[in-house]
$ cat start.txt   # compact mmCIF, C-alpha atoms
# COMPACT_ATOMS: atom_id res chain seq x y z
CA MET A 1 -214.95 -175.43 92.79
CA LYS A 2 -212.81 -174.00 90.01
CA GLN A 3 -210.58 -171.06 90.89
CA GLU A 4 -207.88 -169.03 89.14
CA VAL A 5 -205.83 -166.36 90.93
CA TYR A 6 -204.19 -163.39 89.21
CA SER A 7 -202.23 -160.32 90.15
CA ILE A 8 -203.41 -157.09 88.52
CA LYS A 9 -202.23 -153.52 88.36
CA CYS A 10 -203.86 -151.71 91.26
CA PRO A 11 -206.59 -149.48 89.81
CA GLU A 12 -206.76 -145.81 90.68
CA HIS A 13 -210.57 -145.68 90.65
CA ILE A 14 -213.26 -148.35 90.91
CA ARG A 15 -216.96 -147.66 90.36
CA ILE A 16 -219.54 -150.42 90.58
CA GLY A 17 -223.29 -150.09 90.74
CA ASP A 18 -226.59 -149.74 89.02
CA PRO A 19 -226.20 -147.07 86.29
CA TRP A 20 -229.54 -145.62 87.41
CA TYR A 21 -228.05 -144.84 90.85
CA PHE A 22 -225.11 -142.96 89.34
CA ASP A 23 -227.53 -140.94 87.16
CA SER A 24 -230.27 -140.30 89.72
CA VAL A 25 -229.00 -140.33 93.31
CA ARG A 26 -227.14 -137.19 94.35
CA ASP A 27 -226.84 -137.26 98.13
CA LYS A 28 -224.86 -139.31 100.63
CA ARG A 29 -227.27 -142.18 99.98
CA LEU A 30 -225.33 -142.88 96.75
CA TYR A 31 -222.38 -144.01 98.90
CA GLU A 32 -224.62 -146.67 100.47
CA LEU A 33 -225.73 -148.01 97.08
CA VAL A 34 -222.56 -148.19 94.98
CA VAL A 35 -218.81 -148.65 95.13
CA ASP A 36 -216.92 -145.47 94.26
CA TYR A 37 -213.47 -146.21 95.59
CA HIS A 38 -209.96 -144.83 95.15
CA PRO A 39 -207.53 -147.45 96.53
CA GLU A 40 -204.66 -146.42 98.77
CA ARG A 41 -201.61 -145.53 96.65
CA THR A 42 -199.56 -148.11 98.53
CA PHE A 43 -201.99 -150.98 97.84
CA GLU A 44 -201.36 -153.88 95.49
CA ALA A 45 -204.16 -155.80 93.80
CA GLY A 46 -205.25 -159.25 92.76
CA ILE A 47 -208.33 -161.02 91.51
CA ILE A 48 -209.77 -164.47 92.03
CA LEU A 49 -212.02 -165.88 89.32
CA GLY A 50 -214.26 -168.59 90.69
CA GLU A 51 -216.90 -171.05 89.60
CA GLU A 52 -218.91 -173.27 91.90
CA ASP A 53 -221.74 -175.72 91.48
CA VAL A 54 -224.79 -174.63 93.43
CA GLU A 55 -227.59 -177.19 93.22
CA GLY A 56 -226.60 -178.21 89.68
CA GLU A 57 -226.03 -174.68 88.37
CA LEU A 58 -222.58 -173.25 87.72
CA ILE A 59 -222.19 -169.85 89.36
CA GLU A 60 -219.31 -167.59 88.29
CA PHE A 61 -217.96 -164.89 90.58
CA ILE A 62 -214.97 -162.63 91.04
CA THR A 63 -213.22 -161.44 94.17
CA VAL A 64 -210.92 -158.43 93.93
CA TYR A 65 -208.45 -157.73 96.72
CA LEU A 66 -206.79 -154.36 97.17
CA ALA A 67 -204.32 -154.71 100.01
CA SER A 68 -201.09 -153.63 101.58
CA PRO A 69 -198.01 -155.21 99.97
CA GLN A 70 -197.40 -157.24 103.16
CA SER A 71 -200.93 -158.72 103.04
CA ILE A 72 -201.88 -159.21 99.38
CA LYS A 73 -200.24 -162.66 99.17
CA GLU A 74 -202.13 -163.79 102.28
CA TYR A 75 -205.49 -162.67 100.90
CA LEU A 76 -204.97 -164.14 97.42
CA GLY A 77 -203.63 -167.36 98.93
CA GLY A 78 -206.62 -167.69 101.26
CA LYS A 79 -204.36 -167.50 104.32
CA ALA A 80 -205.19 -164.07 105.72
CA ALA A 81 -205.15 -163.73 109.49
CA LEU A 82 -208.29 -162.55 111.21
CA VAL A 83 -209.02 -158.88 110.84
CA GLU A 84 -209.87 -156.77 113.85
CA ILE A 85 -212.63 -154.62 112.40
CA TRP A 86 -214.58 -154.89 109.19
CA LYS A 87 -217.15 -152.81 107.40
CA SER A 88 -219.51 -154.39 104.89
CA ARG A 89 -221.66 -152.90 102.17
CA GLU A 90 -223.90 -154.71 99.70
CA ILE A 91 -223.70 -153.78 96.04
CA ARG A 92 -227.32 -153.57 94.93
CA VAL A 93 -229.06 -153.13 91.59
CA GLU A 94 -232.67 -152.26 90.84
CA THR A 95 -232.72 -152.10 87.04
CA ASP A 96 -231.15 -155.55 86.40
CA ARG A 97 -228.01 -153.79 85.15
CA CYS A 98 -224.67 -153.15 86.80
CA LEU A 99 -221.90 -150.87 85.61
CA VAL A 100 -218.31 -151.84 86.45
CA SER A 101 -215.72 -149.13 85.74
CA ILE A 102 -212.05 -149.71 86.39
CA ASP A 103 -210.11 -146.50 85.69
CA ASP A 104 -211.06 -145.63 82.09
CA ARG A 105 -212.47 -149.07 81.16
CA SER A 106 -216.16 -149.89 81.66
CA ARG A 107 -218.53 -152.76 81.14
CA ARG A 108 -222.27 -152.92 81.68
CA PHE A 109 -223.61 -156.27 82.83
CA ASP A 110 -227.20 -157.36 82.35
CA VAL A 111 -227.47 -159.35 85.53
CA GLY A 112 -231.04 -160.54 85.04
CA TRP A 113 -232.23 -159.77 88.55
CA GLY A 114 -232.54 -156.89 90.95
CA ASN A 115 -231.28 -156.82 94.52
CA ALA A 116 -227.81 -157.70 95.84
CA TRP A 117 -225.16 -158.39 93.20
CA GLY A 118 -222.05 -158.27 95.34
CA GLU A 119 -220.36 -156.96 98.43
CA MET A 120 -217.53 -154.65 99.45
CA LEU A 121 -215.66 -155.31 102.69
CA GLU A 122 -213.14 -153.02 104.35
CA LEU A 123 -210.70 -155.11 106.40
CA TYR A 124 -208.70 -153.57 109.23
CA ARG A 125 -205.66 -154.70 111.24
CA GLY A 126 -204.25 -152.75 114.14
CA GLY A 127 -206.83 -150.04 113.56
CA CYS A 128 -205.54 -149.39 110.01
CA LEU A 129 -207.16 -150.26 106.69
CA ASP A 130 -205.34 -153.39 105.51
CA ALA A 131 -207.47 -154.42 102.53
CA VAL A 132 -210.63 -153.95 100.55
CA LYS A 133 -212.41 -157.03 99.22
CA ILE A 134 -214.98 -156.69 96.43
CA THR A 135 -217.00 -159.76 95.43
CA LEU A 136 -219.38 -159.81 92.45
CA ASP A 137 -221.60 -162.56 91.10
CA MET A 138 -221.48 -162.78 87.33
CA PRO A 139 -224.62 -163.04 85.17
CA MET A 140 -226.06 -166.56 84.88
CA HIS A 141 -225.44 -166.71 81.11
CA MET A 142 -221.71 -165.91 81.44
CA SER A 143 -219.25 -168.81 81.18
CA PHE A 144 -215.94 -168.99 83.04
CA ALA A 145 -214.06 -168.26 79.78
CA GLU A 146 -216.25 -165.19 79.09
CA MET A 147 -215.74 -163.96 82.65
CA LYS A 148 -211.96 -164.33 82.30
CA GLN A 149 -211.95 -162.44 78.98
CA THR A 150 -214.06 -159.65 80.49
CA MET A 151 -211.72 -159.29 83.46
CA GLN A 152 -208.73 -159.12 81.09
CA GLU A 153 -210.46 -156.20 79.37
CA LEU A 154 -211.36 -154.42 82.62
CA PHE A 155 -208.21 -154.95 84.68
CA GLU A 156 -204.77 -153.99 83.49
CA GLY A 157 -201.86 -156.40 83.92
CA LEU A 158 -203.80 -159.62 84.57
CA ASN A 159 -201.06 -162.22 85.23
CA PRO A 160 -201.17 -165.58 87.01
CA PHE A 161 -200.45 -165.20 90.68
CA PRO A 162 -197.60 -167.46 91.75
CA ALA A 163 -198.69 -170.20 94.11
CA GLU A 164 -196.71 -170.49 97.35
CA LYS A 165 -194.56 -173.61 97.54
CA GLU A 166 -195.24 -175.63 100.66
$ encode --input "start.txt" --output "structure tokens"
Amino acid sequence: MKQEVYSIKCPEHIRIGDPWYFDSVRDKRLYELVVDYHPERTFEAGIILGEEDVEGELIEFITVYLASPQSIKEYLGGKAALVEIWKSREIRVETDRCLVSIDDRSRRFDVGWGNAWGEMLELYRGGCLDAVKITLDMPMHMSFAEMKQTMQELFEGLNPFPAEKE
């Protein structure tokens, strides 16, 4: 598995979902279908770009962590302690398209399939929200280099995350 870890400027607003949902769904059901999230002002952020071989096909994906300053290094380093409570929500698409908006920057992805395209997890410690984890699969035709370039365009301040010395 190939993986690169970066710190990013914590976004003020993240919207991810099928553009059709944003245009057509007007009730509380929209919350179940998309991500429309304003991170805590105290959160810091990072992103993991990954590529893994699944039965001979390379699959690209991203994982965004929005977490308390005390916890962000643990999450990005893969060393986070167990969380007490978690809430999970699938990010679904029906029209084979997904819109990703980070503050004032947007990109529409033609994902090539309907159904689940990612997941958002709310992670709690001590009864308090400690982090939000958003994972998205990238379209099959997108290379690792293209994914990295796209994330540089979407997320401000993409810089290599320093690895912990053991």
$ residues_around --input "start.txt" --residues "A:Met120" --least-positions-apart "4" --cutoff "7 Å" --atoms "all atoms listed in the file" --output "mmCIF file with C-alpha atoms, in the coordinates of the input"
data_model
loop_
_atom_site.group_PDB
_atom_site.id
_atom_site.type_symbol
_atom_site.label_atom_id
_atom_site.label_comp_id
_atom_site.auth_asym_id
_atom_site.auth_seq_id
_atom_site.Cartn_x
_atom_site.Cartn_y
_atom_site.Cartn_z
ATOM 1 C CA SER A 88 -219.510 -154.390 104.890
ATOM 2 C CA ARG A 89 -221.660 -152.900 102.170
ATOM 3 C CA GLU A 90 -223.900 -154.710 99.700
ATOM 4 C CA LYS A 133 -212.410 -157.030 99.220
ATOM 5 C CA ILE A 134 -214.980 -156.690 96.430
ATOM 6 C CA THR A 135 -217.000 -159.760 95.430
#
$ atom_distance --input "start.txt" --atom1 "atom CA of A:Ser101" --atom2 "atom CA of A:Asp18"
11.4 Å
$ closest_residue --input "start.txt" --among "A:Val83, A:Val64, A:Met142, A:Val35" --to "A:Gly126" --atoms "only C-alpha atoms"
A:Val83
$ residues_around --input "start.txt" --residues "A:Met140" --least-positions-apart "3" --cutoff "12 Å" --atoms "only C-alpha atoms" --output "PyMOL selection string"
chain A and resi 51+54+57-61+109-113+117+137+143-144+146-147
$ axis_aligned_box --input "start.txt" --around "stretch 32-37 of chain A" --padding-each-side "4 Å" --output "AutoDock Vina command-line options"
--center_x -219.6 --center_y -147.1 --center_z 97.4 --size_x 20.3 --size_y 11.2 --size_z 14.2
$ closest_residue --input "start.txt" --among "A:Arg125, A:Arg92, A:His13, A:Lys2" --to "A:Val34" --atoms "only C-alpha atoms"
A:Arg92
$ closest_residue --input "start.txt" --among "A:Trp86, A:Val100, A:Leu30, A:Pro19" --to "A:Cys128" --atoms "all atoms listed in the file"
A:Trp86
$ residues_around --input "start.txt" --residues "A:Cys10" --least-positions-apart "2" --cutoff "8 Å" --atoms "only C-alpha atoms" --output "ChimeraX atom specification"
/A:8,12,39,43-46,66
$ atom_distance --input "start.txt" --atom1 "atom CA of A:Ile14" --atom2 "atom CA of A:Val132"
11.5 Å
$ atom_distance --input "start.txt" --atom1 "atom CA of A:Glu4" --atom2 "atom CA of A:Asp96"
27.0 Å
$ closest_residue --input "start.txt" --among "A:Ile62, A:Glu153, A:Glu74, A:Ser68" --to "A:Pro139" --atoms "all atoms listed in the file"
A:Ile62
$ closest_residue --input "start.txt" --among "A:Gly77, A:Glu119, A:Glu156, A:Ser71" --to "A:Leu33" --atoms "only C-alpha atoms"
A:Glu119
$ closest_residue --input "start.txt" --among "A:Leu123, A:Leu154, A:Ala81, A:Ile47" --to "A:Tyr65" --atoms "all atoms listed in the file"
A:Ile47
$ decode --input "start.txt" --residues "stretch 42-74 of chain A" --atoms "N, CA and C atoms" --output "compact mmCIF listing (two decimals), in the first residue's frame"
# COMPACT_ATOMS: atom_id res chain seq x y z
N THR A 42 -11.56 24.88 17.00
CA THR A 42 -10.30 24.47 17.64
C THR A 42 -9.63 23.30 16.93
N PHE A 43 -10.29 22.70 15.95
CA PHE A 43 -9.74 21.53 15.28
C PHE A 43 -8.56 21.89 14.37
N GLU A 44 -7.69 20.91 14.19
CA GLU A 44 -6.64 20.94 13.19
C GLU A 44 -6.98 19.86 12.17
N ALA A 45 -6.28 19.88 11.03
CA ALA A 45 -6.67 18.95 9.97
C ALA A 45 -5.46 18.33 9.27
N GLY A 46 -5.71 17.16 8.72
CA GLY A 46 -4.71 16.46 7.93
C GLY A 46 -5.39 15.54 6.96
N ILE A 47 -4.62 15.08 5.98
CA ILE A 47 -5.17 14.21 4.94
C ILE A 47 -4.17 13.11 4.63
N ILE A 48 -4.70 11.92 4.43
CA ILE A 48 -3.90 10.78 4.02
C ILE A 48 -4.33 10.42 2.60
N LEU A 49 -3.37 10.38 1.69
CA LEU A 49 -3.62 9.93 0.33
C LEU A 49 -3.14 8.49 0.25
N GLY A 50 -4.00 7.61 -0.19
CA GLY A 50 -3.64 6.20 -0.21
C GLY A 50 -3.92 5.52 -1.53
N GLU A 51 -3.18 4.45 -1.76
CA GLU A 51 -3.38 3.61 -2.94
C GLU A 51 -3.12 2.18 -2.51
N GLU A 52 -4.06 1.30 -2.83
CA GLU A 52 -3.85 -0.10 -2.51
C GLU A 52 -4.26 -0.98 -3.67
N ASP A 53 -3.63 -2.12 -3.75
CA ASP A 53 -3.92 -3.10 -4.79
C ASP A 53 -5.01 -4.01 -4.29
N VAL A 54 -6.15 -3.99 -4.98
CA VAL A 54 -7.26 -4.86 -4.65
C VAL A 54 -7.52 -5.75 -5.85
N GLU A 55 -7.12 -7.00 -5.71
CA GLU A 55 -7.29 -8.01 -6.76
C GLU A 55 -6.76 -7.52 -8.10
N GLY A 56 -5.56 -6.93 -8.09
CA GLY A 56 -4.90 -6.50 -9.31
C GLY A 56 -5.28 -5.12 -9.81
N GLU A 57 -6.18 -4.45 -9.12
CA GLU A 57 -6.56 -3.08 -9.50
C GLU A 57 -6.09 -2.12 -8.44
N LEU A 58 -5.50 -1.00 -8.87
CA LEU A 58 -5.07 0.03 -7.93
C LEU A 58 -6.26 0.91 -7.59
N ILE A 59 -6.52 1.04 -6.30
CA ILE A 59 -7.64 1.84 -5.80
C ILE A 59 -7.05 3.01 -5.03
N GLU A 60 -7.41 4.24 -5.44
CA GLU A 60 -6.97 5.44 -4.75
C GLU A 60 -8.07 5.90 -3.79
N PHE A 61 -7.64 6.45 -2.65
CA PHE A 61 -8.61 6.94 -1.67
C PHE A 61 -7.97 8.05 -0.84
N ILE A 62 -8.81 8.85 -0.23
CA ILE A 62 -8.32 9.86 0.70
C ILE A 62 -9.02 9.67 2.04
N THR A 63 -8.32 10.05 3.09
CA THR A 63 -8.90 10.09 4.42
C THR A 63 -8.55 11.44 5.02
N VAL A 64 -9.57 12.22 5.35
CA VAL A 64 -9.37 13.53 5.97
C VAL A 64 -9.69 13.39 7.45
N TYR A 65 -8.80 13.89 8.29
CA TYR A 65 -9.04 13.95 9.73
C TYR A 65 -9.16 15.40 10.16
N LEU A 66 -10.19 15.69 10.92
CA LEU A 66 -10.39 16.98 11.56
C LEU A 66 -10.45 16.64 13.05
N ALA A 67 -9.46 17.11 13.81
CA ALA A 67 -9.35 16.63 15.18
C ALA A 67 -8.81 17.70 16.11
N SER A 68 -8.96 17.42 17.39
CA SER A 68 -8.41 18.31 18.40
C SER A 68 -6.89 18.35 18.24
N PRO A 69 -6.27 19.47 18.61
CA PRO A 69 -4.81 19.58 18.47
C PRO A 69 -4.06 18.46 19.21
N GLN A 70 -4.59 17.99 20.33
CA GLN A 70 -3.95 16.92 21.08
C GLN A 70 -4.01 15.59 20.34
N SER A 71 -4.98 15.41 19.46
CA SER A 71 -5.23 14.10 18.84
C SER A 71 -4.82 13.99 17.38
N ILE A 72 -4.67 15.10 16.67
CA ILE A 72 -4.44 15.03 15.22
C ILE A 72 -3.22 14.20 14.87
N LYS A 73 -2.14 14.32 15.64
CA LYS A 73 -0.92 13.55 15.36
C LYS A 73 -1.18 12.05 15.52
N GLU A 74 -1.98 11.68 16.51
CA GLU A 74 -2.31 10.27 16.71
C GLU A 74 -3.07 9.71 15.51
